[in-house]
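Chemist: The file below is upload.cif, mmCIF, C-alpha atoms:
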data_input
#
loop_
_atom_site.label_atom_id
_atom_site.label_comp_id
_atom_site.auth_asym_id
_atom_site.auth_seq_id
_atom_site.Cartn_x
_atom_site.Cartn_y
_atom_site.Cartn_z
CA MET H 518 -70.66 -24.63 37.79
CA ALA H 519 -66.90 -24.95 38.18
CA ILE H 520 -65.60 -26.86 41.18
CA ARG H 521 -62.95 -25.09 43.22
CA LEU H 522 -59.90 -27.29 43.64
CA ALA H 523 -58.16 -25.22 46.31
CA THR H 524 -57.81 -21.75 47.76
CA GLU H 525 -54.33 -20.37 48.25
CA TYR H 526 -53.60 -17.41 50.50
CA VAL H 527 -50.47 -16.14 48.75
CA LYS H 528 -49.75 -12.95 50.68
CA THR H 529 -51.60 -12.82 53.95
CA CYS H 530 -51.10 -10.29 56.70
CA LEU H 531 -53.21 -10.31 59.85
CA GLN H 532 -52.38 -8.11 62.83
CA LEU H 533 -54.28 -9.09 65.96
CA THR H 534 -54.29 -7.81 69.51
CA GLU H 535 -54.32 -10.40 72.29
CA ALA H 536 -58.12 -10.14 72.58
CA GLU H 537 -58.52 -10.45 68.80
CA MET H 538 -56.22 -13.48 68.81
CA ALA H 539 -58.53 -15.18 71.30
CA LYS H 540 -61.53 -14.19 69.17
CA PHE H 541 -59.78 -15.53 66.04
CA ILE H 542 -59.25 -18.94 67.69
CA ARG H 543 -62.79 -18.97 69.13
CA MET H 544 -64.23 -18.19 65.67
CA PHE H 545 -62.65 -21.35 64.23
CA VAL H 546 -63.67 -23.50 67.21
CA ASP H 547 -67.27 -22.19 67.14
CA HIS H 548 -67.57 -23.23 63.49
CA GLY H 549 -66.45 -26.79 64.15
CA ALA H 550 -62.84 -26.51 63.06
CA PHE H 551 -60.45 -28.74 64.96
CA LEU H 552 -57.32 -26.79 65.73
CA GLN H 553 -54.27 -26.93 67.86
CA VAL H 554 -52.60 -23.83 69.28
CA LYS H 555 -48.90 -24.04 70.02
CA VAL H 556 -47.43 -21.33 72.22
CA LEU H 557 -43.73 -20.99 71.55
CA GLU H 558 -41.17 -19.88 74.13
CA ASN H 559 -40.75 -16.37 72.71
CA GLY H 560 -44.49 -15.62 72.89
CA ASN H 561 -45.19 -16.52 69.27
CA GLN H 562 -48.11 -18.80 68.51
CA GLU H 563 -48.85 -21.34 65.83
CA VAL H 564 -52.40 -22.26 64.92
CA VAL H 565 -52.49 -25.69 63.27
CA LEU H 566 -55.63 -26.61 61.32
CA PRO H 567 -56.18 -30.07 59.78
CA ASP H 568 -57.14 -29.75 56.12
CA ASP H 569 -58.56 -32.39 53.78
CA ALA H 570 -56.41 -35.40 52.87
CA GLY H 571 -54.56 -35.30 56.20
CA GLU H 572 -52.60 -32.14 55.45
CA GLU H 573 -52.04 -29.45 58.07
CA ILE H 574 -52.32 -25.70 57.67
CA VAL H 575 -49.94 -23.85 59.96
CA LEU H 576 -50.59 -20.17 60.65
CA SER H 577 -47.61 -18.65 62.45
CA PHE H 578 -48.30 -15.56 64.55
CA GLU H 579 -45.17 -13.67 65.57
CA ARG H 580 -45.28 -11.41 68.59
CA GLU H 581 -44.46 -7.82 67.52
CA MET H 582 -44.93 -5.18 70.20
CA ASN H 583 -48.50 -5.79 71.48
CA LEU H 584 -49.70 -7.57 68.33
CA TYR H 585 -49.73 -11.07 66.93
CA VAL H 586 -48.75 -10.78 63.26
CA CYS H 587 -49.37 -13.55 60.74
CA ARG H 588 -47.62 -13.22 57.40
CA GLY H 589 -47.41 -16.07 55.02
CA THR H 590 -48.85 -18.44 52.51
CA CYS H 591 -51.16 -21.41 52.88
CA ARG H 592 -53.22 -23.63 50.61
CA ILE H 593 -56.64 -24.73 51.87
CA ARG H 594 -58.92 -27.36 50.35
CA ASN H 595 -61.56 -27.67 53.08
CA LYS H 596 -64.55 -25.43 52.24
CA ASN H 597 -65.33 -24.71 55.90
CA LEU H 598 -61.74 -23.53 56.53
CA VAL H 599 -61.76 -21.47 53.32
CA ASN H 600 -64.89 -19.64 54.48
CA LEU H 601 -63.48 -19.14 57.99
CA MET H 602 -60.24 -17.66 56.63
CA ARG H 603 -62.22 -15.32 54.36
CA LYS H 604 -64.30 -14.21 57.36
CA ALA H 605 -61.15 -13.77 59.48
CA VAL H 606 -59.46 -11.60 56.84
CA ALA H 607 -62.61 -9.46 56.57
CA GLU H 608 -63.36 -9.21 60.30
CA PHE H 609 -59.80 -8.51 61.42
CA LYS H 610 -59.13 -6.07 58.55
CA GLY H 611 -56.37 -8.16 57.03
CA ASP H 612 -54.53 -7.79 53.74
CA ALA H 613 -54.31 -10.78 51.43
CA VAL H 614 -53.94 -11.99 47.88
CA VAL H 615 -56.13 -15.07 47.50
CA HIS H 616 -56.02 -17.48 44.57
CA ARG H 617 -59.19 -19.51 44.13
CA ILE H 618 -57.99 -22.31 41.91
CA TYR H 619 -60.30 -24.05 39.44
CA ALA H 620 -59.45 -26.63 36.75
CA ALA H 621 -59.36 -24.17 33.83
CA TYR H 622 -58.63 -20.82 35.51
CA THR H 623 -57.71 -19.03 38.73
CA MET H 624 -59.64 -16.20 40.34
CA VAL H 625 -57.38 -13.76 42.22
CA TYR H 626 -58.94 -11.71 45.01
CA THR H 627 -56.97 -8.82 46.54
CA TYR H 628 -58.00 -7.73 50.03
CA LYS H 629 -56.95 -4.44 51.65
CA GLN H 630 -58.01 -3.76 55.22
CA GLY H 631 -60.51 -6.63 55.03
CA ALA H 632 -62.29 -5.48 51.89
CA VAL H 633 -62.01 -6.86 48.37
CA VAL H 634 -60.41 -4.18 46.21
CA ARG H 635 -59.72 -6.20 43.06
CA ILE H 636 -60.80 -9.45 41.42
CA THR H 637 -59.07 -10.83 38.34
CA GLU H 638 -59.47 -13.99 36.31
CA ASN H 639 -56.24 -15.64 35.16
CA LYS H 640 -56.73 -18.07 32.29
CA ASP H 641 -54.06 -19.24 29.86
CA ALA H 642 -51.62 -16.54 31.05
CA VAL H 643 -54.20 -13.81 30.32
CA GLU H 644 -55.41 -11.61 33.17
CA LYS H 645 -58.93 -10.18 32.96
CA VAL H 646 -60.09 -7.62 35.54
CA ILE H 647 -63.52 -8.58 36.85
CA TYR H 648 -63.84 -5.97 39.62
CA GLU H 649 -61.75 -3.07 40.86
CA TYR H 650 -62.68 -0.80 43.74
CA ARG H 651 -62.43 2.90 43.00
CA ASP H 652 -62.86 5.38 45.78
CA THR H 653 -64.63 8.00 43.67
CA VAL H 654 -66.05 9.81 46.70
CA GLY H 655 -62.57 10.00 48.23
CA GLN H 656 -61.08 11.18 44.96
CA LEU H 657 -63.75 13.87 44.62
CA GLU H 658 -63.18 14.99 48.21
CA GLN H 659 -59.46 15.14 47.54
CA LEU H 660 -60.07 17.26 44.44
CA PHE H 661 -62.44 19.49 46.39
CA HIS H 662 -59.86 20.07 49.12
CA LYS H 663 -57.09 20.68 46.60
CA ASN H 664 -56.41 24.41 46.78
CA GLU H 665 -52.96 24.91 45.30
CA VAL H 666 -54.40 27.08 42.51
CA GLU H 667 -56.21 29.33 44.99
CA GLN H 668 -53.03 29.66 47.02
CA GLU H 669 -51.01 30.56 43.92
CA ILE H 670 -53.65 33.17 42.94
CA GLN H 671 -53.40 34.77 46.39
CA MET H 672 -49.60 34.79 46.17
CA LEU H 673 -49.67 36.34 42.68
CA LYS H 674 -52.14 39.03 43.78
CA ALA H 675 -49.87 39.91 46.71
CA GLN H 676 -46.89 40.18 44.32
CA VAL H 677 -48.90 42.38 41.92
CA ASN H 678 -49.93 44.69 44.78
CA HIS H 679 -46.34 44.91 45.98
CA LEU H 680 -45.05 45.69 42.46
CA LEU H 681 -47.77 48.34 41.94
CA ASP H 682 -46.73 50.02 45.20
CA MET H 683 -43.08 49.94 44.09
CA ARG H 684 -44.00 51.31 40.65
CA ASN H 685 -45.86 54.25 42.20
CA GLU H 686 -42.83 55.08 44.37
CA MET H 687 -40.19 54.83 41.61
CA GLN H 688 -39.33 57.83 39.47
CA GLU H 689 -36.77 56.19 37.16
CA ALA H 690 -38.22 55.12 33.81
CA ALA H 691 -35.94 52.04 33.40
CA ILE H 692 -37.03 50.58 36.74
CA ARG H 693 -40.69 51.34 35.96
CA GLU H 694 -40.35 49.52 32.61
CA HIS H 695 -38.82 46.50 34.38
CA ILE H 696 -41.71 46.52 36.92
CA ASP H 697 -44.23 46.84 34.06
CA GLY H 698 -42.71 43.76 32.39
CA ARG H 699 -43.04 41.76 35.62
CA LEU H 700 -46.60 43.02 36.11
CA HIS H 701 -47.48 41.95 32.56
CA LYS H 702 -46.21 38.38 33.22
CA LEU H 703 -47.96 38.14 36.59
CA THR H 704 -51.30 39.42 35.26
CA HIS H 705 -51.11 36.96 32.37
CA ARG H 706 -50.50 34.10 34.84
CA LEU H 707 -53.43 35.33 36.98
CA PHE H 708 -55.66 35.39 33.90
CA VAL H 709 -54.68 31.78 33.08
CA LEU H 710 -55.29 30.55 36.62
CA GLU H 711 -58.61 32.30 37.05
CA ALA H 712 -59.96 31.16 33.66
#
Starting from the file, lay out its structure as structure tokens.
Modeler:
Amino acid sequence: MAIRLATEYVKTCLQLTEAEMAKFIRMFVDHGAFLQVKVLENGNQEVVLPDDAGEEIVLSFEREMNLYVCRGTCRIRNKNLVNLMRKAVAEFKGDAVVHRIYAAYTMVYTYKQGAVVRITENKDAVEKVIYEYRDTVGQLEQLFHKNEVEQEIQMLKAQVNHLLDMRNEMQEAAIREHIDGRLHKLTHRLFVLEA
């Protein structure tokens, strides 16, 4: 089994309310992570986590409206912190691109709203898709609710009815021929749409 060298959160975005921010910090403390929270003068906060080999991971949360927003990149080597960050991204519906780095390859996990939507393996500059989420139910629902064709059919039928009424009222042969030409085109289009 390959040994993971590090996990890098390349593009991370967490948006937390004040209550969620407290829960985020408590989650790390409850799992034995030593952390330091720095409250900056403008309301922003920095969560500093000690990683292996004496390095520090700094997660900066900027105050935006009523949310604490963390955007950034960090490299984590401590397995406990890696698991806690994964849980945090999932629980707080975060977006992230995570590189799990091994000696011979890198696994890239893409998270959207806390769920893994894509996993790729990058090895020797070749990307291989391992998993990709496809919302087939959503796509089918979208197709089911798509009704442009039905709307066009209704519009064409209304035009045909209007032209038939006009044709019945007109006495001039030239105008009737013009209306017949339009009716021919509209009925052909109806036939195509209803087929």
Chemist: From the options H:Arg521, H:Arg617, H:Arg603, H:Lys555, which residue's atoms come nearest to Val633 in chain H, counting all atoms listed in the file?
Modeler: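 Closest residue, counting all atoms listed in the file: H:Arg603.
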Chemist: Where does the PyMOL selection byres ((chain H and resi 696) around 12) land in this file, that is, which residues does it pick, as a list in words?
Modeler: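 This file, filtered by the PyMOL selection byres ((chain H and resi 696) around 12), leaves Gln676, Val677, Asn678, His679, Leu680, Leu681, Asp682, Met683, Arg684, Asn685, Glu686, Met687, Gln688, Glu689, Ala690, Ala691, Ile692, Arg693, Glu694, His695, Asp697, Gly698, Arg699, Leu700, His701, Lys702 and Leu703 of chain H.
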Chemist: Near Thr637 in chain H, within 6 Å and counting all atoms listed in the file, which residues show up once chain neighbours fewer than 2 positions away are dropped, as a list in words?
Modeler: Met624, Val625, Lys645, Val646 and Ile647 of chain H
Chemist: To one decimal in Å, tell me the separation between CA of Tyr628 in chain H and CA of Lys610 in chain H.
Modeler: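 So the answer is 8.8 Å.
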Chemist: Starting from the PyMOL selection byres ((chain H and resi 650-666) around 7), expand the selection into actual residues of this file and give them as a PDB file with C-alpha atoms, in the coordinates of the input.
Modeler:
ATOM      1  CA  VAL H 634     -60.410  -4.180  46.210  1.00  0.00           C
ATOM      2  CA  ARG H 635     -59.720  -6.200  43.060  1.00  0.00           C
ATOM      3  CA  TYR H 648     -63.840  -5.970  39.620  1.00  0.00           C
ATOM      4  CA  GLU H 649     -61.750  -3.070  40.860  1.00  0.00           C
ATOM      5  CA  GLU H 667     -56.210  29.330  44.990  1.00  0.00           C
ATOM      6  CA  GLN H 668     -53.030  29.660  47.020  1.00  0.00           C
ATOM      7  CA  GLU H 669     -51.010  30.560  43.920  1.00  0.00           C
ATOM      8  CA  ILE H 670     -53.650  33.170  42.940  1.00  0.00           C
ATOM      9  CA  LEU H 710     -55.290  30.550  36.620  1.00  0.00           C
TER      10      LEU H 710
END
Chemist: Give as a PyMOL selection string the set of residues within 7 Å of the point (-55.6, -9.8, 60.3), where distances use the file's coordinates and only C-alpha atoms.
Modeler: chain H and resi 530-533+605-606+609-612
Chemist: In Å, with one decimal, what is the gap from CA of Glu558 in chain H to CA of Met544 in chain H?
Modeler: 24.6 Å
Chemist: Determine the residue set returned by the PyMOL selection byres ((chain H and resi 569) around 10) for the present structure, and present it as an mmCIF file with C-alpha atoms, in the frame of the given file.
Modeler:
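Output (result_37.cif):
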data_model
loop_
_atom_site.group_PDB
_atom_site.id
_atom_site.type_symbol
_atom_site.label_atom_id
_atom_site.label_comp_id
_atom_site.auth_asym_id
_atom_site.auth_seq_id
_atom_site.Cartn_x
_atom_site.Cartn_y
_atom_site.Cartn_z
ATOM 1 C CA LEU H 566 -55.630 -26.610 61.320
ATOM 2 C CA PRO H 567 -56.180 -30.070 59.780
ATOM 3 C CA ASP H 568 -57.140 -29.750 56.120
ATOM 4 C CA ALA H 570 -56.410 -35.400 52.870
ATOM 5 C CA GLY H 571 -54.560 -35.300 56.200
ATOM 6 C CA GLU H 572 -52.600 -32.140 55.450
ATOM 7 C CA GLU H 573 -52.040 -29.450 58.070
ATOM 8 C CA ILE H 574 -52.320 -25.700 57.670
ATOM 9 C CA ILE H 593 -56.640 -24.730 51.870
ATOM 10 C CA ARG H 594 -58.920 -27.360 50.350
ATOM 11 C CA ASN H 595 -61.560 -27.670 53.080
ATOM 12 C CA LYS H 596 -64.550 -25.430 52.240
ATOM 13 C CA LEU H 598 -61.740 -23.530 56.530
#
Chemist: So, counting all atoms listed in the file, which residue among H:Ser577, H:Asn639, H:Thr534, H:Thr590 is closest to Ile618 in chain H?
Modeler: H:Asn639
